[in-house]
Each structure stands twice: as structure tokens, then as C-alpha cells.
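Take a look at the structure below.
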Amino acid sequence: MDLFADDTSLTPIPLEDGELWFQQRLALDLAPDEVMRRLLAETDWRHEQIHVWGKWHAQPRLSAWHGEASYRYSGKTFHPQPFTALQRHLRQAVELATGRRFNSVLLNYYRDERDSMGFHADDEPELGPEPAIASLSFGAPRTFILKHRSRSHTLKLALGDGSLLLMAGTLQRHWVHGINKERTPRGPRINLTFRLIA
Ligand SMILES: O=C(O)CCC(=O)C(=O)O
Ligand SMILES: [Fe+2]
């Protein structure tokens, strides 16, 4: 069965304790490979250090923070750079598709199969009690894993080139999510999470 028969509109994915919506391909007037090329070239990618359990580690990916509000993430305050023209363009498409507003974006660049993101929830207080977070992916597909915090329930989604995922409702309170390393070679991937920071 094709769960996502209509790949051009945002479709709810049924799950308990939160809202999840998926669209296989966000309508854009730029080809995804052109967006990928420009994001790679135009972004001031940083290799951030994070503080976990009393130790400093380099994150297993590169990142950048843009937008109109500063933000605390993994114990660090990020002072954003202004949105680029391309980011404004992508934000507009994401706002149109989701019917939500966003004022910030975190970009993550997974250089190859060895890059990853540990399990976490995007539940910082400045996002509000039921944050809507729109996740836009370009490049190589990677598996997005959601784990329920108290039930043994796991959900896996392949986030392909040009796909849009919306996390909303109580999802961040009840679930954590992450991207594991892959065992087989994988090309570069960029993910943008659009957020609304108070
Ligand atoms: O790369 C992804 O799909 C996940 C990104 C994410 O969870 C985040 O930026 O908070
Ligand atoms: Fe996240």
C-alpha cells in the first residue's frame, strides 16, 4: 500500500500523543538539487562543540542557525545570522504548505553516512508548550526515527530529497527523535528545521 499516494499535500501520519504530517515533495519553483547546491555553497557551516555530561564533543555534523531570535540548543546559546534570500524563499513555501509561521531555522549538514543526530526533543521553553516544527530535507535520504518516551513504540520515516515533515501538538513532550549513522555509503544531506521562537 502506498501510504503517501498524494505526495503533493501535507498528509497526517496517525500516531498517539502528538501530531505528525508528511509531504513527499514540497512544491518549490527551484529544483531540489539546485537548492542543495546553493545551501551547501551559501551557508556559513560551523562544526559546533556541545557540552554533554561534563565533556565537550564536536557534533557529528555541521550546522548553522539563521533567523530573527537567539536560541538555546544542547546547552549552548546560538546567535543567529539573518535569513538568506533562499531561506526566506523556502520559509515562505513551508509556511504556505503548513499554515504555520516561523521566525528561525536550524540547518544541519550530514556530510556522509557517519554523520548523525542523537535522540532529543525540541522542547526548549522558548518554543512554547506545543511547538510546530517544520523539517525540510535535501539530498541523500536518511531515516528519521521517533521513539515514544514511555511506551515501546518506534516509528521510522525515510526523509527524501525535497520532503517536508511537520511535528506539532504534544509530539515533543511524548516522543524523542534522531538520525542514526548508516552502515552503507550515503551522500550529503541538508535538513532545515523551521521554528517559531517567542
Ligand atoms: O535531520 C533531521 O531530519 C532531524 C533534525 C532535527 O531533529 C533538529 O534539527 O532538531
Ligand atoms: Fe529535532
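Following the order of the C-alpha cells, first chain is A, next is B, and so on, with residues numbered from 1 inside each chain and ligands from 1 in the order they appear.
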Q. Residues of segment 44-169 of chain A in helix (DSSP H, G or I) according to DSSP, as a VMD selection string?
A. chain A and resid 85 to 98 125 to 127
Q: Could you give me the residues within 12 Å of ligand 2, counting only C-alpha atoms and all ligand atoms, as an MDAnalysis selection string?
A: chainID A and resid 73:74 105:108 116:124 131:136 144:146 165:168 171:172 175:179 191:195
Residue subset to file, keeping C-alpha atoms, as a short mmCIF file (atom, residue, chain, number, x, y, z; two decimals), in the first residue's frame:
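out-v6.cif, freshly written:
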data_model
loop_
_atom_site.label_atom_id
_atom_site.label_comp_id
_atom_site.auth_asym_id
_atom_site.auth_seq_id
_atom_site.Cartn_x
_atom_site.Cartn_y
_atom_site.Cartn_z
CA TYR A 73 20.16 24.24 21.98
CA SER A 74 22.16 21.38 23.57
CA VAL A 105 15.79 27.96 11.06
CA LEU A 106 18.40 25.46 12.21
CA LEU A 107 20.33 23.91 9.33
CA ASN A 108 22.12 20.60 9.73
CA SER A 116 24.09 11.71 12.76
CA MET A 117 21.90 13.40 15.35
CA GLY A 118 21.31 11.91 18.79
CA PHE A 119 17.83 11.34 20.19
CA HIS A 120 16.30 14.52 21.58
CA ALA A 121 13.09 16.51 21.73
CA ASP A 122 12.82 20.08 20.52
CA ASP A 123 11.20 21.16 23.75
CA GLU A 124 13.08 24.30 24.75
CA PRO A 131 5.67 23.75 19.14
CA ALA A 132 5.16 23.32 15.42
CA ILE A 133 8.48 22.43 13.79
CA ALA A 134 8.74 22.06 10.03
CA SER A 135 11.59 19.90 8.76
CA LEU A 136 12.68 20.20 5.14
CA PHE A 144 14.21 9.76 10.81
CA ILE A 145 13.42 7.73 13.93
CA LEU A 146 10.80 8.63 16.52
CA LEU A 165 7.75 16.83 7.80
CA LEU A 166 5.72 18.79 10.34
CA MET A 167 5.92 17.91 14.04
CA ALA A 168 3.19 19.52 16.15
CA LEU A 171 4.76 15.33 19.98
CA GLN A 172 7.87 16.87 21.61
CA TRP A 175 8.47 11.43 21.79
CA VAL A 176 12.16 11.86 21.05
CA HIS A 177 13.65 11.76 17.55
CA GLY A 178 17.04 11.33 15.91
CA ILE A 179 19.04 10.30 12.86
CA ASN A 191 17.96 19.36 6.81
CA LEU A 192 16.32 22.64 7.78
CA THR A 193 14.06 22.84 10.82
CA PHE A 194 11.90 25.95 10.79
CA ARG A 195 10.77 27.05 14.25
#
Q: Determine, counting only C-alpha atoms, which protein, DNA and RNA residues have an atom within 9 Å of an atom of Leu62 of chain A; residues of the same chain fewer than 3 positions away are not included. Present the result as a ChimeraX atom specification.
A: /A:45-48,59,107-111,115
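Distances here use only C-alpha atoms and all ligand atoms; by that measure, the residue among A:Arg72, A:Arg149, A:His89, A:Arg100 closest to ligand 1 is A:Arg72.
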**Q.** Pick from A:Ala58, A:Gln49, A:Gln92, A:Ile197 nearest to Lys76 of chain A, counting only C-alpha atoms
**A.** A:Gln49
**Q.** For ligand 1, the nearest of the candidates A:Arg37, A:Lys55, A:Lys181, A:Arg88, counting only C-alpha atoms and all ligand atoms
**A.** A:Lys181
Q.
For Ala158 of chain A, find every residue with an atom within 10 Å (counting only C-alpha atoms), except residues of its own chain fewer than 3 positions away, and show them as a PyMOL selection string.
A. chain A and resi 24+141-145+161+163
Restricting it to N, CA and C atoms, dump the selection as a compact mmCIF listing (two decimals), in the first residue's frame.
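Written file, again_18.txt:
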# COMPACT_ATOMS: atom_id res chain seq x y z
N GLN A 24 5.75 14.21 0.67
CA GLN A 24 6.90 13.62 -0.03
C GLN A 24 7.74 14.66 -0.77
N PRO A 141 18.61 10.52 1.06
CA PRO A 141 17.59 10.17 2.06
C PRO A 141 18.24 9.60 3.32
N ARG A 142 17.69 9.96 4.46
CA ARG A 142 18.12 9.38 5.74
C ARG A 142 16.87 8.99 6.52
N THR A 143 17.07 8.06 7.46
CA THR A 143 15.93 7.57 8.24
C THR A 143 15.76 8.39 9.51
N PHE A 144 14.58 8.97 9.64
CA PHE A 144 14.21 9.76 10.81
C PHE A 144 13.49 8.81 11.75
N ILE A 145 13.99 8.69 12.98
CA ILE A 145 13.42 7.73 13.93
C ILE A 145 12.76 8.47 15.08
N ASP A 161 14.73 13.61 -0.66
CA ASP A 161 15.06 14.90 -1.28
C ASP A 161 13.78 15.73 -1.50
N SER A 163 11.53 16.58 0.76
CA SER A 163 10.39 16.21 1.61
C SER A 163 10.19 17.19 2.76
Q.
I'd like the neighbourhood of Ala27 of chain A as a list in words, where a residue qualifies if any of its atoms comes within 9 Å (using only C-alpha atoms), though same-chain residues fewer than 5 positions away should be ignored.
A. Thr8, Ser9, Ala93, Ala97 and Gly162 of chain A
Write a file of the selected residues as a compact mmCIF listing (two decimals), in the first residue's frame, keeping N, CA and C atoms.
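Full text of part-v5.txt as output:
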# COMPACT_ATOMS: atom_id res chain seq x y z
N THR A 8 1.81 15.55 -2.92
CA THR A 8 1.93 17.00 -3.09
C THR A 8 1.16 17.79 -2.04
N SER A 9 0.58 17.11 -1.06
CA SER A 9 -0.03 17.87 0.04
C SER A 9 0.34 17.22 1.37
N ALA A 93 7.49 28.92 1.30
CA ALA A 93 6.88 27.69 0.78
C ALA A 93 6.42 26.79 1.93
N ALA A 97 2.57 25.67 2.91
CA ALA A 97 2.19 24.25 2.97
C ALA A 97 1.65 23.86 4.35
N GLY A 162 13.72 16.90 -0.90
CA GLY A 162 12.58 17.80 -1.09
C GLY A 162 11.38 17.50 -0.21
Q. With distances taken over only C-alpha atoms, which of A:Pro80, A:Val94, A:Leu127, A:His174 is nearest to His148 of chain A?
A.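 Closest residue, counting only C-alpha atoms: A:His174.
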Q: Name the residues of segment 16-182 of chain A that fall into strand (DSSP E or B) according to DSSP on the backbone, using the chain letters and numbers of this document, as an MDAnalysis selection string.
A: chainID A and resid 19:23 46 49:52 55:58 62:67 71:73 76:78 81 104:110 117:120 133:139 142:148 154:159 164:168 175:179
Would you export the selected residues with C-alpha atoms as a tab-separated table (two decimals), in the first residue's frame, please?
chain	number	residue	atom	x	y	z
A	19	GLU	CA	0.83	15.29	15.57
A	20	LEU	CA	2.95	14.34	12.58
A	21	TRP	CA	2.36	15.40	8.99
A	22	PHE	CA	4.32	14.43	5.91
A	23	GLN	CA	4.65	15.56	2.31
A	46	ARG	CA	30.05	25.55	11.73
A	49	GLN	CA	31.10	21.81	20.17
A	50	ILE	CA	28.45	20.68	22.63
A	51	HIS	CA	28.66	20.02	26.34
A	52	VAL	CA	27.28	16.60	27.31
A	55	LYS	CA	32.55	16.82	28.44
A	56	TRP	CA	32.95	18.79	25.22
A	57	HIS	CA	32.31	16.98	21.95
A	58	ALA	CA	32.30	18.06	18.31
A	62	LEU	CA	27.87	20.72	10.63
A	63	SER	CA	25.22	23.29	11.44
A	64	ALA	CA	24.08	26.88	11.10
A	65	TRP	CA	21.44	28.97	12.75
A	66	HIS	CA	19.58	31.74	10.95
A	67	GLY	CA	16.61	33.91	11.73
A	71	TYR	CA	18.07	30.19	20.76
A	72	ARG	CA	19.42	27.71	23.31
A	73	TYR	CA	20.16	24.24	21.98
A	76	LYS	CA	24.54	26.45	24.04
A	77	THR	CA	23.17	29.84	23.02
A	78	PHE	CA	23.12	30.41	19.27
A	81	GLN	CA	22.67	35.12	11.31
A	104	SER	CA	14.10	30.85	12.76
A	105	VAL	CA	15.79	27.96	11.06
A	106	LEU	CA	18.40	25.46	12.21
A	107	LEU	CA	20.33	23.91	9.33
A	108	ASN	CA	22.12	20.60	9.73
A	109	TYR	CA	24.54	19.21	7.18
A	110	TYR	CA	25.13	15.44	7.30
A	117	MET	CA	21.90	13.40	15.35
A	118	GLY	CA	21.31	11.91	18.79
A	119	PHE	CA	17.83	11.34	20.19
A	120	HIS	CA	16.30	14.52	21.58
A	133	ILE	CA	8.48	22.43	13.79
A	134	ALA	CA	8.74	22.06	10.03
A	135	SER	CA	11.59	19.90	8.76
A	136	LEU	CA	12.68	20.20	5.14
A	137	SER	CA	15.26	17.78	3.70
A	138	PHE	CA	17.50	17.89	0.64
A	139	GLY	CA	20.00	15.43	-0.76
A	142	ARG	CA	18.12	9.38	5.74
A	143	THR	CA	15.93	7.57	8.24
A	144	PHE	CA	14.21	9.76	10.81
A	145	ILE	CA	13.42	7.73	13.93
A	146	LEU	CA	10.80	8.63	16.52
A	147	LYS	CA	10.71	6.81	19.87
A	148	HIS	CA	7.91	7.20	22.39
A	154	THR	CA	9.18	3.36	17.41
A	155	LEU	CA	8.35	4.91	14.07
A	156	LYS	CA	10.76	5.24	11.14
A	157	LEU	CA	10.36	7.56	8.19
A	158	ALA	CA	12.59	7.93	5.14
A	159	LEU	CA	13.11	11.66	4.62
A	164	LEU	CA	8.56	18.15	4.31
A	165	LEU	CA	7.75	16.83	7.80
A	166	LEU	CA	5.72	18.79	10.34
A	167	MET	CA	5.92	17.91	14.04
A	168	ALA	CA	3.19	19.52	16.15
A	175	TRP	CA	8.47	11.43	21.79
A	176	VAL	CA	12.16	11.86	21.05
A	177	HIS	CA	13.65	11.76	17.55
A	178	GLY	CA	17.04	11.33	15.91
A	179	ILE	CA	19.04	10.30	12.86
**Q.** For Pro185 of chain A, the nearest of the candidates A:Pro82, A:Glu113, A:Pro125, A:Ser152, counting only C-alpha atoms
**A.**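 Of the candidates, the smallest distance to Pro185 of chain A is held by A:Glu113.
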Q. Which is closer to ligand 1 than all the others in A:Leu196, A:His79, A:Thr98, A:Arg61, using only C-alpha atoms and all ligand atoms?
A. A:Arg61
Q | Point-to-point distance in Å for atom CA of Ala31 of chain A and atom 2 (C, counted along the ligand's line) of ligand 1 | A | 20.1 Å
